[in-house]
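Chemist: Pasting a structure here, questions to come.
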Amino acid sequence: QVQLVESGGGLVQTGGSLRLSCAASGGIFSTSTLAWFRQGPGKEREFVGGISWSGTHAYYADSVKGRFTISRDNAKNTVYLQMDSLKPEDTALYYCALDRSSTISYYRITTSAGYDYWGQGTQVTVSS
């Protein structure tokens with residue numbers, strides 16, 4: 001059974017930065033696709049960023065492109081989301097998700113339906 005535990009959320013002012021981490025248990029991390037999704041107040045869950053098992057393919061939502069960076073450390077079973085130039089509209093509960101496949105498909109990586117495991121989420125609040 002895979003468990004995902006997010007950390008790094010918090011309260012930050014507009015223009016600030018945060019780095020989210022997601023640590024995974026289980027032995028399938030290094031061959032799995034990882035992603036971050038978020039759900040803001042009154043909104044549906046949306047894709048933020050995803051990364052292939054090798055780290056060579058990374059995709060981002062248009063709303064965060066150029067501000068957020070996803071990365072992974074397979075030796076530490078951890079995926080990160082570096083968030084810079086934060087805006088109030090980035091306020092949301094951020095979830096880490098793991099897809100057991102080694103897909104590099106843009107559609108598969110950016111769609112929540114393909115993910116097998118989810119964390120509990122970490123809250124990010126950006127004040128104006």
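Residues are referred to by chain and number: the chain letter is A, B, ... according to the order shown in the structure tokens, the number counts from 1 in that chain, and ligands are numbered separately from 1 in the order shown.
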Env of A:Lys87: 7 Å cut, atoms = only C-alpha atoms, seq-sep filter 5 positions within chain, self excluded. Answer as an MDAnalysis selection string.
Modeler: chainID A and resid 14:15 126
Chemist: Excluding stretch 17-20 of chain A and any residue of its chain fewer than 4 positions from it, enumerate the residues within 12 Å of it, using only C-alpha atoms, and give them as a ChimeraX atom specification.
Modeler: /A:5-13,35-37,67-72,78-87,90-91,93-96,121-126
Chemist: Using the selection just defined, write its residues with C-alpha atoms as a CSV table (one decimal), in the first residue's frame.
Modeler:
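Below you can see part_32.csv, which holds the result:
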chain,number,residue,atom,x,y,z
A,5,VAL,CA,2.2,12.6,2.9
A,6,GLU,CA,2.4,16.3,1.9
A,7,SER,CA,4.1,19.1,3.8
A,8,GLY,CA,5.3,22.6,3.3
A,9,GLY,CA,2.0,24.5,3.0
A,10,GLY,CA,1.3,27.7,4.9
A,11,LEU,CA,0.4,31.3,4.8
A,12,VAL,CA,2.4,33.6,2.5
A,13,GLN,CA,2.0,37.1,1.1
A,35,ALA,CA,1.6,15.1,-9.9
A,36,TRP,CA,0.2,18.0,-7.9
A,37,PHE,CA,-3.5,19.0,-8.0
A,67,ARG,CA,6.0,30.4,-11.6
A,68,PHE,CA,5.8,26.8,-10.4
A,69,THR,CA,8.4,24.0,-10.8
A,70,ILE,CA,7.8,20.3,-10.1
A,71,SER,CA,10.8,18.0,-9.4
A,72,ARG,CA,11.4,14.6,-7.9
A,78,THR,CA,9.9,12.6,-2.7
A,79,VAL,CA,8.3,14.9,-5.2
A,80,TYR,CA,8.4,18.7,-4.8
A,81,LEU,CA,6.5,21.7,-6.0
A,82,GLN,CA,8.4,25.0,-5.9
A,83,MET,CA,5.9,27.8,-6.0
A,84,ASP,CA,7.2,31.3,-6.7
A,85,SER,CA,5.4,34.6,-7.3
A,86,LEU,CA,2.4,33.4,-5.5
A,87,LYS,CA,-1.0,35.0,-6.1
A,90,ASP,CA,-3.2,30.1,-5.8
A,91,THR,CA,-4.9,29.7,-2.4
A,93,LEU,CA,-5.6,22.7,-0.7
A,94,TYR,CA,-2.8,21.0,-2.6
A,95,TYR,CA,-2.8,17.3,-3.2
A,96,CYS,CA,0.0,15.0,-4.3
A,121,GLY,CA,-3.4,17.6,1.1
A,122,THR,CA,-1.6,20.6,2.5
A,123,GLN,CA,-3.2,24.1,2.7
A,124,VAL,CA,-1.6,27.0,0.9
A,125,THR,CA,-3.0,30.5,1.6
A,126,VAL,CA,-1.8,33.6,-0.2
Chemist: Enter the distance from atom CA of A:Arg100 to atom CA of A:Arg38, in Å, rounded to one decimal.
Modeler: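 Going from atom CA of A:Arg100 over to atom CA of A:Arg38, I get 20.1 Å.
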Chemist: One number please: atom CA of A:Ile109 to atom CA of A:Thr33, in Å, one decimal.
Modeler: 7.3 Å
Chemist: Any chance you could list, as number ranges by chain, the residues in chain A that come up strand (DSSP E or B) when DSSP is run on the backbone?
Modeler: A: 4-7, 10-13, 18-24, 33-39, 46-51, 58-60, 68-73, 78-83, 92-99, 117-118, 122-127
Chemist: When distances are computed from only C-alpha atoms, which of A:Asn77, A:Thr56, A:Ser32, A:Ser128 shows the smallest separation from A:Thr103?
Modeler: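 When distances to A:Thr103 are compared using only C-alpha atoms, the smallest one comes from A:Ser32.
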Chemist: For each of A:Tyr117, A:Tyr107, A:Ala23, A:Leu4, take the minimum atom-to-atom distance to A:Tyr60, counting only C-alpha atoms, then give the residue where this is smallest.
Modeler: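 Of A:Tyr117, A:Tyr107, A:Ala23, A:Leu4, the one nearest A:Tyr60, counting only C-alpha atoms, is A:Tyr107.
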Chemist: Can you tell me, as JSON, numbers by chain, what residues are no more than 10 Å from A:Ser54 when counting only C-alpha atoms, ignoring any on the same chain fewer than 2 positions away?
Modeler: {"A": [30, 31, 32, 33, 51, 52, 56, 57, 58, 72, 73, 74, 102, 104]}
Chemist: Using Å and a single decimal, report how far atom CA of A:Gln1 sits from atom CA of A:Gly27.
Modeler: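 Between these atoms lies a distance of 9.1 Å.
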Chemist: Nearest residue to A:Ala24 out of A:Ala113, A:Ala61, A:Val48, A:Leu98, using only C-alpha atoms?
Modeler: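 Among the listed residues, A:Leu98 lies closest to A:Ala24.
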